[in-house]
$ cat work.txt   # compact mmCIF, C-alpha atoms and all ligand atoms
# COMPACT_ATOMS: atom_id res chain seq x y z
CA MET R 703 125.06 95.90 104.11
CA GLY R 704 125.46 92.28 103.01
CA TYR R 705 124.46 91.27 99.50
CA ASN R 706 123.42 87.78 100.49
CA ASN R 707 120.45 88.52 102.65
CA LEU R 708 116.87 88.63 101.44
CA MET R 709 116.12 92.07 102.89
CA THR R 710 118.92 93.63 100.84
CA TRP R 711 117.58 92.12 97.61
CA LEU R 712 114.05 93.17 98.50
CA LEU R 713 115.36 96.68 99.12
CA PHE R 714 117.06 96.68 95.70
CA VAL R 715 113.80 95.60 94.02
CA ILE R 716 111.97 98.46 95.77
CA ILE R 717 114.69 100.96 94.80
CA PHE R 718 114.58 99.69 91.19
CA PHE R 719 110.81 100.14 90.97
CA LEU R 720 111.05 103.53 92.63
CA GLY R 721 113.45 104.55 89.84
CA ALA R 722 111.26 102.89 87.19
CA SER R 723 108.28 104.89 88.52
CA VAL R 724 110.32 108.08 88.18
CA GLY R 725 111.02 106.88 84.61
CA SER R 726 107.30 106.45 84.03
CA PHE R 727 106.71 109.99 85.32
CA VAL R 728 109.56 111.30 83.14
CA ASN R 729 107.89 109.76 80.05
CA VAL R 730 104.62 111.51 80.85
CA LEU R 731 106.34 114.84 81.57
CA ILE R 732 108.27 114.73 78.29
CA ASP R 733 105.16 113.84 76.27
CA ARG R 734 103.08 116.53 77.95
CA THR R 735 105.81 119.19 77.56
CA ILE R 736 106.17 118.48 73.84
CA GLN R 737 102.42 118.30 73.28
CA GLY R 738 101.91 121.44 75.33
CA THR R 739 99.38 119.86 77.70
CA ASP R 740 99.11 120.52 81.41
CA TRP R 741 101.89 118.90 83.47
CA VAL R 742 99.87 117.82 86.48
CA GLY R 743 96.23 118.15 85.52
CA GLY R 744 94.32 115.25 84.07
CA ARG R 745 94.67 111.52 84.47
CA SER R 746 96.77 109.35 82.19
CA ARG R 747 94.97 108.20 79.07
CA CYS R 748 95.67 105.66 76.38
CA ASP R 749 97.64 107.22 73.49
CA HIS R 750 95.32 105.55 70.98
CA CYS R 751 91.73 105.39 72.26
CA LYS R 752 91.99 108.04 75.04
CA LYS R 753 90.47 105.70 77.62
CA THR R 754 91.52 106.55 81.21
CA LEU R 755 94.24 104.17 82.39
CA THR R 756 94.03 102.26 85.67
CA TRP R 757 96.92 101.53 87.99
CA TYR R 758 97.56 98.07 86.51
CA ASP R 759 98.03 99.63 83.07
CA MET R 760 100.79 101.76 84.52
CA VAL R 761 103.01 99.42 86.57
CA PRO R 762 106.48 100.29 85.23
CA ILE R 763 107.94 97.63 82.88
CA VAL R 764 105.60 94.92 84.25
CA SER R 765 102.47 96.21 82.42
CA TYR R 766 104.39 96.47 79.17
CA LEU R 767 105.69 92.91 79.45
CA PHE R 768 102.39 91.48 80.77
CA TYR R 769 100.33 92.94 77.90
CA ARG R 770 103.16 92.17 75.43
CA GLY R 771 103.81 95.75 74.41
CA ARG R 772 100.17 96.52 73.63
CA SER R 773 97.54 98.62 75.38
CA ARG R 774 95.02 96.65 77.43
CA CYS R 775 92.07 98.75 76.23
CA CYS R 776 92.46 98.66 72.44
CA HIS R 777 95.40 96.27 71.88
CA LYS R 778 97.42 98.85 69.96
CA ARG R 779 101.22 98.68 69.99
CA LEU R 780 102.90 100.91 72.61
CA SER R 781 106.23 102.65 72.12
CA ALA R 782 109.20 100.64 73.42
CA ARG R 783 110.50 103.95 74.75
CA TYR R 784 108.24 103.60 77.82
CA PRO R 785 109.74 100.40 79.30
CA ILE R 786 113.25 101.35 78.11
CA VAL R 787 113.13 104.71 79.93
CA GLU R 788 111.67 103.01 83.02
CA PHE R 789 114.45 100.43 82.95
CA ILE R 790 117.16 103.10 82.55
CA LEU R 791 115.84 105.14 85.49
CA GLY R 792 115.46 101.97 87.59
CA SER R 793 119.08 101.11 86.80
CA LEU R 794 120.22 104.63 87.70
CA PHE R 795 118.62 104.27 91.12
CA ILE R 796 120.21 100.83 91.65
CA TRP R 797 123.62 102.14 90.56
CA TRP R 798 123.15 105.07 92.92
CA ALA R 799 122.21 102.80 95.83
CA VAL R 800 125.14 100.43 95.21
CA MET R 801 127.58 103.34 94.85
CA GLY R 802 126.11 104.89 97.96
CA THR R 803 126.88 101.90 100.12
CA PHE R 804 130.63 102.30 99.69
CA PHE R 805 131.37 105.48 97.76
CA PHE R 806 129.33 108.16 99.49
CA GLN R 807 130.31 106.85 102.91
CA LEU R 808 133.71 108.38 102.24
CA ALA R 809 132.12 111.82 102.30
CA VAL R 810 132.16 113.91 105.45
CA GLN R 811 129.14 115.42 107.20
CA PRO R 812 126.97 117.16 105.99
CA LEU R 813 128.07 116.09 102.51
CA THR R 814 126.86 112.59 103.36
CA TYR R 815 123.37 113.81 102.47
CA ILE R 816 124.01 116.57 99.94
CA GLN R 817 126.35 114.62 97.66
CA PRO R 818 124.17 111.54 96.95
CA LEU R 819 121.09 113.75 96.46
CA PHE R 820 122.96 115.95 94.02
CA TRP R 821 124.15 113.04 91.88
CA LEU R 822 120.78 111.33 91.79
CA GLY R 823 119.15 114.63 90.84
CA ILE R 824 121.62 115.43 88.08
CA GLY R 825 121.37 111.82 86.84
CA VAL R 826 117.59 112.12 86.44
CA LEU R 827 117.85 115.59 84.83
CA LEU R 828 120.51 114.49 82.30
CA LEU R 829 118.45 111.42 81.38
CA VAL R 830 115.31 113.55 80.91
CA LEU R 831 117.26 115.80 78.52
CA ALA R 832 118.75 112.82 76.63
CA ILE R 833 115.42 110.97 76.33
CA ALA R 834 113.46 114.02 75.13
CA ASP R 835 116.16 114.73 72.54
CA TRP R 836 116.18 111.10 71.39
CA ALA R 837 112.38 110.86 71.19
CA TYR R 838 111.54 114.33 69.86
CA GLY R 839 114.82 115.90 68.74
CA VAL R 840 114.60 118.85 71.13
CA ILE R 841 116.57 120.01 74.15
CA LEU R 842 114.02 120.93 76.84
CA MET R 843 115.39 124.35 77.79
CA PRO R 844 113.51 124.73 81.12
CA VAL R 845 114.98 121.38 82.25
CA LEU R 846 118.40 122.51 81.05
CA TRP R 847 118.32 125.74 83.08
CA VAL R 848 117.08 123.89 86.16
CA SER R 849 120.04 121.51 85.73
CA VAL R 850 122.55 124.37 85.37
CA ALA R 851 121.13 126.00 88.52
CA TRP R 852 121.25 122.64 90.32
CA VAL R 853 124.97 122.15 89.49
CA LEU R 854 125.96 125.74 90.31
CA LEU R 855 124.08 125.67 93.62
CA TYR R 856 125.70 122.35 94.59
CA ARG R 857 129.19 123.54 93.67
CA ILE R 858 128.75 126.81 95.57
CA VAL R 859 127.57 124.90 98.65
CA LEU R 860 130.62 122.62 98.28
CA LEU R 861 132.90 125.67 98.02
CA PHE R 862 131.57 127.03 101.31
CA LEU R 863 131.82 123.64 102.99
CA GLY R 864 135.42 123.27 101.79
CA GLY R 865 134.69 120.21 99.65
CA TYR R 866 135.63 121.96 96.42
CA HIS R 867 138.41 124.33 95.36
CA LEU R 868 137.81 127.72 93.78
CA ASN R 869 140.41 126.88 91.09
CA ASP R 870 138.40 123.82 90.02
CA PHE R 871 135.19 125.84 90.00
CA VAL R 872 136.69 128.54 87.76
CA ALA R 873 138.27 125.89 85.50
CA ALA R 874 134.90 124.09 85.14
CA LEU R 875 133.14 127.38 84.36
CA VAL R 876 135.73 128.49 81.78
CA GLY R 877 135.79 124.97 80.31
CA ALA R 878 131.99 125.06 80.01
CA ILE R 879 131.96 128.40 78.19
CA VAL R 880 134.80 127.35 75.85
CA SER R 881 133.20 123.98 74.99
CA ALA R 882 129.78 125.59 74.39
CA PHE R 883 131.40 128.01 71.93
CA PHE R 884 133.28 125.12 70.35
CA ILE R 885 129.99 123.28 69.66
CA GLN R 886 128.56 126.52 68.26
CA LEU R 887 131.63 126.79 66.01
CA LEU R 888 131.09 123.20 64.80
CA ARG R 889 127.46 124.09 64.01
CA TRP R 890 128.62 127.04 61.90
CA VAL R 891 131.23 125.00 60.06
CA THR R 892 128.81 122.12 59.34
CA HIS R 893 125.86 124.47 58.68
CA GLY R 894 123.91 123.01 61.59
CA ARG R 895 123.93 119.45 60.30
CA GLY R 896 124.08 116.88 63.06
CA MET R 897 123.72 119.40 65.86
CA GLY R 898 120.72 121.36 67.05
CA ASP R 899 120.15 124.78 68.61
CA GLY R 900 120.16 123.29 72.09
CA ASP R 901 123.41 121.37 71.82
CA PRO R 902 125.80 124.23 72.80
CA TYR R 903 123.71 124.68 75.97
CA LEU R 904 123.75 120.96 76.73
CA MET R 905 127.53 120.98 76.20
CA PHE R 906 127.76 123.84 78.71
CA LEU R 907 125.83 121.80 81.28
CA VAL R 908 127.83 118.62 80.67
CA ALA R 909 131.11 120.54 81.01
CA LEU R 910 129.91 122.05 84.31
CA VAL R 911 128.96 118.61 85.63
CA VAL R 912 132.14 116.74 84.66
CA GLY R 913 134.57 119.66 85.16
CA TRP R 914 137.91 120.35 83.54
CA PRO R 915 139.74 118.47 81.97
CA ARG R 916 137.21 115.61 82.02
CA VAL R 917 135.07 117.53 79.56
CA ILE R 918 137.60 116.53 76.87
CA VAL R 919 136.85 112.86 77.61
CA ALA R 920 133.10 113.59 77.56
CA PHE R 921 133.35 115.36 74.22
CA LEU R 922 135.49 112.71 72.48
CA ALA R 923 133.48 109.84 73.98
CA SER R 924 130.22 111.39 72.74
CA PHE R 925 131.58 111.48 69.19
CA ILE R 926 132.85 107.89 69.37
CA VAL R 927 129.57 106.57 70.85
CA GLY R 928 127.49 108.67 68.44
CA ALA R 929 129.42 107.52 65.38
CA SER R 930 129.30 103.86 66.52
CA VAL R 931 125.55 103.95 67.16
CA GLY R 932 124.99 105.84 63.88
CA VAL R 933 126.92 103.26 61.87
CA GLY R 934 125.32 100.40 63.83
CA LEU R 935 121.78 101.64 63.06
CA LEU R 936 122.75 102.13 59.41
CA VAL R 937 124.13 98.60 59.12
CA ALA R 938 121.08 97.16 60.93
CA GLY R 939 118.88 98.98 58.42
CA ILE R 940 117.06 100.92 61.16
CA ARG R 941 118.39 104.27 59.96
CA LYS R 942 118.71 105.69 56.46
CA ARG R 943 121.83 107.63 55.48
CA THR R 944 119.79 110.83 55.27
CA ASP R 945 118.25 110.46 58.75
CA THR R 946 119.92 112.66 61.34
CA LEU R 947 120.59 111.47 64.86
CA PRO R 948 120.20 113.89 67.78
CA PHE R 949 123.55 114.66 69.43
CA GLY R 950 122.14 115.19 72.96
CA PRO R 951 121.86 111.54 74.04
CA PHE R 952 125.48 110.92 73.03
CA LEU R 953 126.66 114.00 74.88
CA VAL R 954 124.97 112.64 78.00
CA ALA R 955 126.51 109.20 77.36
CA GLY R 956 129.88 110.95 77.02
CA ALA R 957 129.28 112.73 80.33
CA ILE R 958 128.58 109.41 82.07
CA ILE R 959 131.73 107.84 80.57
CA ALA R 960 133.77 110.89 81.65
CA LEU R 961 132.38 110.69 85.20
CA VAL R 962 132.96 106.97 85.62
CA TRP R 963 136.21 106.42 83.68
CA GLY R 964 137.40 109.97 82.97
CA GLY R 965 140.05 109.98 85.69
CA SER R 966 141.75 106.77 84.55
CA LEU R 967 141.49 107.69 80.85
CA LEU R 968 143.18 111.04 81.47
CA ARG R 969 145.95 109.32 83.47
CA ILE R 970 146.62 106.93 80.58
CA TYR R 971 147.25 109.91 78.29
CA GLY R 972 149.31 111.65 80.96
CA MET R 973 146.99 114.60 81.57
ZN ZN R 1001 93.52 102.22 74.13
$ encode --input "work.txt" --output "structure tokens" --more "lines below"
Ligand SMILES: [Zn+2]
Amino acid sequence: MGYNNLMTWLLFVIIFFLGASVGSFVNVLIDRTIQGTDWVGGRSRCDHCKKTLTWYDMVPIVSYLFYRGRSRCCHKRLSARYPIVEFILGSLFIWWAVMGTFFFQLAVQPLTYIQPLFWLGIGVLLLVLAIADWAYGVILMPVLWVSVAWVLLYRIVLLFLGGYHLNDFVAALVGAIVSAFFIQLLRWVTHGRGMGDGDPYLMFLVALVVGWPRVIVAFLASFIVGASVGVGLLVAGIRKRTDTLPFGPFLVAGAIIALVWGGSLLRIYGM
């Protein structure tokens, strides 16, 4: 696929907006889960005046920019989380499509289909967990268990297809249990400051996804990113010293770093 033809660019725009629409859906799902309202029932309404929204109020990113971050009905300010989440999911889909054009082609049949679907799925699930934790400070446990099942199912399929070794599977599983207990230990030592009830479970999931020994990279990277963002927000005056930051988003950021650069980082340190 050439990058210089119009059709390719058009395709990328479509893929981006497909991802941004998933982001839009993710925002609604997170809000409705936290507020305890029905997931599918009911049309989308304005957060402020409860007026039913039309399709042009809900075009991902575009509506937010067009109405300058305010609702069309009552001109109240809308959370920047909406376009940010839409942009992140759009970017995930683009990254996935670009990777797919050269990376997934290395895979053998029938992994050609299973592998890209798995990574897109786990990407969306991890982002849902990170965004809900960032916005509301909770780990959505149903989403977490779906993600764990999704990873285990994929790995078991890979085992049977010969794309994965039993040793790696056992190492990932043991690594996941050990790192979950390690987070729990940290919570005990720090009396729960800085880490929530859900964090050991999220650590378990992240360790399963990245495997052993990449989980070490994920763990260290999450602390470095978390501390940097924490200090950055403090310096910028956005966060007070007493405000706590959720750990989940940084754990997910650490997982992404471990997946993309984990191999080369481990080689540098001779592991
Ligand atoms: Zn309104």
$ atom_distance --input "work.txt" --atom1 "CA of Leu713 (chain R)" --atom2 "CA of Gly725 (chain R)"
18.3 Å
$ residues_around --input "work.txt" --residues "Thr735 (chain R)" --least-positions-apart "5" --cutoff "12 Å" --atoms "only C-alpha atoms" --output "list in words"
Val728, Asn729, Val730, Asp740, Trp741, Val742, Val830, Leu831, Ala834, Tyr838, Val840, Ile841, Leu842, Met843, Pro844 and Val845 of chain R
$ closest_residue --input "work.txt" --among "R:Asn869, R:Ser930, R:Ser881, R:Thr756" --to "ligand ZN 1001 (chain R)" --atoms "all atoms listed in the file"
R:Thr756
$ residues_near_ligand --input "work.txt" --ligand "ligand ZN 1001 (chain R)" --cutoff "6 Å" --atoms "all atoms listed in the file" --output "list in words"
Cys748, His750, Cys751, Lys753, Ser773, Cys775 and Cys776 of chain R
$ residues_near_point --input "work.txt" --point "(124.8, 121.0, 90.0)" --cutoff "10 Å" --atoms "only C-alpha atoms" --output "PyMOL selection string"
chain R and resi 820-821+823-824+848-859+907+910-911
$ write_last_selection --input "work.txt" --atoms "C-alpha atoms" --output "CSV table (one decimal), keeping the file's coordinate frame"
chain,number,residue,atom,x,y,z
R,820,PHE,CA,123.0,116.0,94.0
R,821,TRP,CA,124.2,113.0,91.9
R,823,GLY,CA,119.2,114.6,90.8
R,824,ILE,CA,121.6,115.4,88.1
R,848,VAL,CA,117.1,123.9,86.2
R,849,SER,CA,120.0,121.5,85.7
R,850,VAL,CA,122.6,124.4,85.4
R,851,ALA,CA,121.1,126.0,88.5
R,852,TRP,CA,121.2,122.6,90.3
R,853,VAL,CA,125.0,122.2,89.5
R,854,LEU,CA,126.0,125.7,90.3
R,855,LEU,CA,124.1,125.7,93.6
R,856,TYR,CA,125.7,122.4,94.6
R,857,ARG,CA,129.2,123.5,93.7
R,858,ILE,CA,128.8,126.8,95.6
R,859,VAL,CA,127.6,124.9,98.6
R,907,LEU,CA,125.8,121.8,81.3
R,910,LEU,CA,129.9,122.0,84.3
R,911,VAL,CA,129.0,118.6,85.6
$ closest_residue --input "work.txt" --among "R:Phe727, R:Tyr815, R:Tyr758, R:Phe884" --to "Val787 (chain R)" --atoms "all atoms listed in the file"
R:Phe727
$ closest_residue --input "work.txt" --among "R:Val912, R:Met760, R:Gln737, R:Gly865" --to "Trp963 (chain R)" --atoms "all atoms listed in the file"
R:Val912
$ atom_distance --input "work.txt" --atom1 "CA of Ala929 (chain R)" --atom2 "CA of Phe949 (chain R)"
10.1 Å
$ closest_residue --input "work.txt" --among "R:Val761, R:Ala955, R:Val891, R:Leu731" --to "Pro785 (chain R)" --atoms "all atoms listed in the file"
R:Val761
$ atom_distance --input "work.txt" --atom1 "CA of Phe719 (chain R)" --atom2 "CA of Leu780 (chain R)"
20.0 Å
$ residues_around --input "work.txt" --residues "Arg779 (chain R)" --least-positions-apart "4" --cutoff "10 Å" --atoms "all atoms listed in the file" --output "PyMOL selection string"
chain R and resi 749-750+766+769-774
$ residues_near_point --input "work.txt" --point "(132.7, 106.6, 76.3)" --cutoff "10 Å" --atoms "all atoms listed in the file" --output "number ranges by chain"
R: 919-928, 952-964, 967
$ decode --input "work.txt" --residues "region 829-949 of chain R" --atoms "C-alpha atoms" --output "PDB file, in the first residue's frame"
ATOM      1  CA  LEU R 829      -7.558   2.518  27.159  1.00  0.00           C
ATOM      2  CA  VAL R 830     -11.083   2.140  28.591  1.00  0.00           C
ATOM      3  CA  LEU R 831      -9.553   1.075  31.922  1.00  0.00           C
ATOM      4  CA  ALA R 832      -7.007   3.925  31.889  1.00  0.00           C
ATOM      5  CA  ILE R 833      -9.560   6.594  30.932  1.00  0.00           C
ATOM      6  CA  ALA R 834     -12.144   5.529  33.537  1.00  0.00           C
ATOM      7  CA  ASP R 835      -9.424   5.515  36.202  1.00  0.00           C
ATOM      8  CA  TRP R 836      -8.173   8.945  35.118  1.00  0.00           C
ATOM      9  CA  ALA R 837     -11.666  10.470  34.962  1.00  0.00           C
ATOM     10  CA  TYR R 838     -13.294   8.776  37.969  1.00  0.00           C
ATOM     11  CA  GLY R 839     -10.498   7.111  39.937  1.00  0.00           C
ATOM     12  CA  VAL R 840     -11.907   3.601  39.610  1.00  0.00           C
ATOM     13  CA  ILE R 841     -10.827   0.426  37.863  1.00  0.00           C
ATOM     14  CA  LEU R 842     -13.886  -0.932  36.032  1.00  0.00           C
ATOM     15  CA  MET R 843     -13.737  -4.535  37.233  1.00  0.00           C
ATOM     16  CA  PRO R 844     -16.104  -6.041  34.597  1.00  0.00           C
ATOM     17  CA  VAL R 845     -13.894  -4.536  31.863  1.00  0.00           C
ATOM     18  CA  LEU R 846     -10.818  -5.865  33.654  1.00  0.00           C
ATOM     19  CA  TRP R 847     -12.133  -9.444  33.788  1.00  0.00           C
ATOM     20  CA  VAL R 848     -13.205  -9.294  30.139  1.00  0.00           C
ATOM     21  CA  SER R 849      -9.650  -8.172  29.305  1.00  0.00           C
ATOM     22  CA  VAL R 850      -8.066 -10.999  31.334  1.00  0.00           C
ATOM     23  CA  ALA R 851     -10.335 -13.519  29.578  1.00  0.00           C
ATOM     24  CA  TRP R 852      -9.492 -11.943  26.206  1.00  0.00           C
ATOM     25  CA  VAL R 853      -5.710 -12.312  26.804  1.00  0.00           C
ATOM     26  CA  LEU R 854      -5.956 -15.853  28.186  1.00  0.00           C
ATOM     27  CA  LEU R 855      -8.182 -16.996  25.321  1.00  0.00           C
ATOM     28  CA  TYR R 856      -5.816 -15.485  22.743  1.00  0.00           C
ATOM     29  CA  ARG R 857      -2.736 -17.032  24.337  1.00  0.00           C
ATOM     30  CA  ILE R 858      -4.387 -20.456  24.584  1.00  0.00           C
ATOM     31  CA  VAL R 859      -5.375 -20.271  20.904  1.00  0.00           C
ATOM     32  CA  LEU R 860      -1.771 -19.297  20.088  1.00  0.00           C
ATOM     33  CA  LEU R 861      -0.483 -22.250  22.130  1.00  0.00           C
ATOM     34  CA  PHE R 862      -2.609 -24.660  20.104  1.00  0.00           C
ATOM     35  CA  LEU R 863      -1.611 -23.039  16.824  1.00  0.00           C
ATOM     36  CA  GLY R 864       2.063 -23.262  17.787  1.00  0.00           C
ATOM     37  CA  GLY R 865       2.589 -19.495  17.808  1.00  0.00           C
ATOM     38  CA  TYR R 866       3.423 -19.392  21.500  1.00  0.00           C
ATOM     39  CA  HIS R 867       5.505 -21.544  23.843  1.00  0.00           C
ATOM     40  CA  LEU R 868       4.160 -23.113  27.025  1.00  0.00           C
ATOM     41  CA  ASN R 869       7.251 -21.842  28.901  1.00  0.00           C
ATOM     42  CA  ASP R 870       6.411 -18.235  27.971  1.00  0.00           C
ATOM     43  CA  PHE R 871       2.785 -18.751  28.962  1.00  0.00           C
ATOM     44  CA  VAL R 872       3.726 -20.112  32.399  1.00  0.00           C
ATOM     45  CA  ALA R 873       6.326 -17.336  32.857  1.00  0.00           C
ATOM     46  CA  ALA R 874       3.723 -14.660  31.981  1.00  0.00           C
ATOM     47  CA  LEU R 875       1.203 -16.205  34.381  1.00  0.00           C
ATOM     48  CA  VAL R 876       3.688 -16.502  37.266  1.00  0.00           C
ATOM     49  CA  GLY R 877       4.989 -12.993  36.505  1.00  0.00           C
ATOM     50  CA  ALA R 878       1.416 -11.672  36.617  1.00  0.00           C
ATOM     51  CA  ILE R 879       0.668 -13.251  39.994  1.00  0.00           C
ATOM     52  CA  VAL R 880       3.992 -12.088  41.478  1.00  0.00           C
ATOM     53  CA  SER R 881       3.596  -8.493  40.219  1.00  0.00           C
ATOM     54  CA  ALA R 882      -0.021  -8.302  41.451  1.00  0.00           C
ATOM     55  CA  PHE R 883       1.155  -9.354  44.920  1.00  0.00           C
ATOM     56  CA  PHE R 884       4.009  -6.873  44.695  1.00  0.00           C
ATOM     57  CA  ILE R 885       1.540  -4.008  44.077  1.00  0.00           C
ATOM     58  CA  GLN R 886      -0.571  -5.286  46.974  1.00  0.00           C
ATOM     59  CA  LEU R 887       2.578  -5.266  49.134  1.00  0.00           C
ATOM     60  CA  LEU R 888       3.291  -1.655  48.094  1.00  0.00           C
ATOM     61  CA  ARG R 889      -0.280  -0.732  49.067  1.00  0.00           C
ATOM     62  CA  TRP R 890       0.243  -2.245  52.523  1.00  0.00           C
ATOM     63  CA  VAL R 891       3.577  -0.504  53.023  1.00  0.00           C
ATOM     64  CA  THR R 892       2.240   2.899  51.889  1.00  0.00           C
ATOM     65  CA  HIS R 893      -1.144   2.395  53.602  1.00  0.00           C
ATOM     66  CA  GLY R 894      -2.970   2.568  50.290  1.00  0.00           C
ATOM     67  CA  ARG R 895      -1.719   6.018  49.355  1.00  0.00           C
ATOM     68  CA  GLY R 896      -1.221   6.456  45.642  1.00  0.00           C
ATOM     69  CA  MET R 897      -2.701   3.098  44.723  1.00  0.00           C
ATOM     70  CA  GLY R 898      -6.281   1.903  44.689  1.00  0.00           C
ATOM     71  CA  ASP R 899      -8.053  -1.415  45.290  1.00  0.00           C
ATOM     72  CA  GLY R 900      -8.109  -2.160  41.581  1.00  0.00           C
ATOM     73  CA  ASP R 901      -4.425  -1.577  40.893  1.00  0.00           C
ATOM     74  CA  PRO R 902      -3.154  -5.095  41.799  1.00  0.00           C
ATOM     75  CA  TYR R 903      -5.714  -6.494  39.327  1.00  0.00           C
ATOM     76  CA  LEU R 904      -4.687  -4.046  36.623  1.00  0.00           C
ATOM     77  CA  MET R 905      -1.047  -4.989  37.257  1.00  0.00           C
ATOM     78  CA  PHE R 906      -2.032  -8.651  36.799  1.00  0.00           C
ATOM     79  CA  LEU R 907      -3.627  -7.846  33.433  1.00  0.00           C
ATOM     80  CA  VAL R 908      -0.712  -5.699  32.246  1.00  0.00           C
ATOM     81  CA  ALA R 909       1.776  -8.440  33.211  1.00  0.00           C
ATOM     82  CA  LEU R 910      -0.280 -11.009  31.272  1.00  0.00           C
ATOM     83  CA  VAL R 911      -0.345  -8.762  28.204  1.00  0.00           C
ATOM     84  CA  VAL R 912       3.344  -7.818  28.114  1.00  0.00           C
ATOM     85  CA  GLY R 913       4.712 -11.133  29.461  1.00  0.00           C
ATOM     86  CA  TRP R 914       7.895 -11.864  31.349  1.00  0.00           C
ATOM     87  CA  PRO R 915      10.404 -10.147  31.687  1.00  0.00           C
ATOM     88  CA  ARG R 916       8.848  -7.142  29.909  1.00  0.00           C
ATOM     89  CA  VAL R 917       6.612  -6.599  32.920  1.00  0.00           C
ATOM     90  CA  ILE R 918       9.687  -5.174  34.707  1.00  0.00           C
ATOM     91  CA  VAL R 919       9.949  -2.501  31.996  1.00  0.00           C
ATOM     92  CA  ALA R 920       6.193  -1.818  32.257  1.00  0.00           C
ATOM     93  CA  PHE R 921       6.395  -1.452  36.029  1.00  0.00           C
ATOM     94  CA  LEU R 922       9.443   0.855  36.085  1.00  0.00           C
ATOM     95  CA  ALA R 923       8.175   2.907  33.131  1.00  0.00           C
ATOM     96  CA  SER R 924       4.817   3.443  34.866  1.00  0.00           C
ATOM     97  CA  PHE R 925       6.582   4.865  37.920  1.00  0.00           C
ATOM     98  CA  ILE R 926       8.812   7.128  35.818  1.00  0.00           C
ATOM     99  CA  VAL R 927       5.893   8.412  33.689  1.00  0.00           C
ATOM    100  CA  GLY R 928       3.649   8.770  36.754  1.00  0.00           C
ATOM    101  CA  ALA R 929       6.252  10.701  38.733  1.00  0.00           C
ATOM    102  CA  SER R 930       7.054  12.954  35.734  1.00  0.00           C
ATOM    103  CA  VAL R 931       3.387  13.747  35.070  1.00  0.00           C
ATOM    104  CA  GLY R 932       2.777  14.252  38.807  1.00  0.00           C
ATOM    105  CA  VAL R 933       5.643  16.724  39.117  1.00  0.00           C
ATOM    106  CA  GLY R 934       4.694  18.380  35.811  1.00  0.00           C
ATOM    107  CA  LEU R 935       1.099  18.989  36.973  1.00  0.00           C
ATOM    108  CA  LEU R 936       2.388  20.281  40.311  1.00  0.00           C
ATOM    109  CA  VAL R 937       4.772  22.728  38.635  1.00  0.00           C
ATOM    110  CA  ALA R 938       2.062  23.839  36.186  1.00  0.00           C
ATOM    111  CA  GLY R 939      -0.198  24.516  39.167  1.00  0.00           C
ATOM    112  CA  ILE R 940      -2.880  22.106  37.903  1.00  0.00           C
ATOM    113  CA  ARG R 941      -2.436  19.733  40.841  1.00  0.00           C
ATOM    114  CA  LYS R 942      -2.055  20.445  44.547  1.00  0.00           C
ATOM    115  CA  ARG R 943       0.467  18.470  46.600  1.00  0.00           C
ATOM    116  CA  THR R 944      -2.379  16.769  48.465  1.00  0.00           C
ATOM    117  CA  ASP R 945      -4.222  15.653  45.304  1.00  0.00           C
ATOM    118  CA  THR R 946      -3.665  12.002  44.487  1.00  0.00           C
ATOM    119  CA  LEU R 947      -3.182  10.790  40.941  1.00  0.00           C
ATOM    120  CA  PRO R 948      -4.679   7.451  39.872  1.00  0.00           C
ATOM    121  CA  PHE R 949      -1.975   4.874  39.102  1.00  0.00           C
TER     122      PHE R 949
END
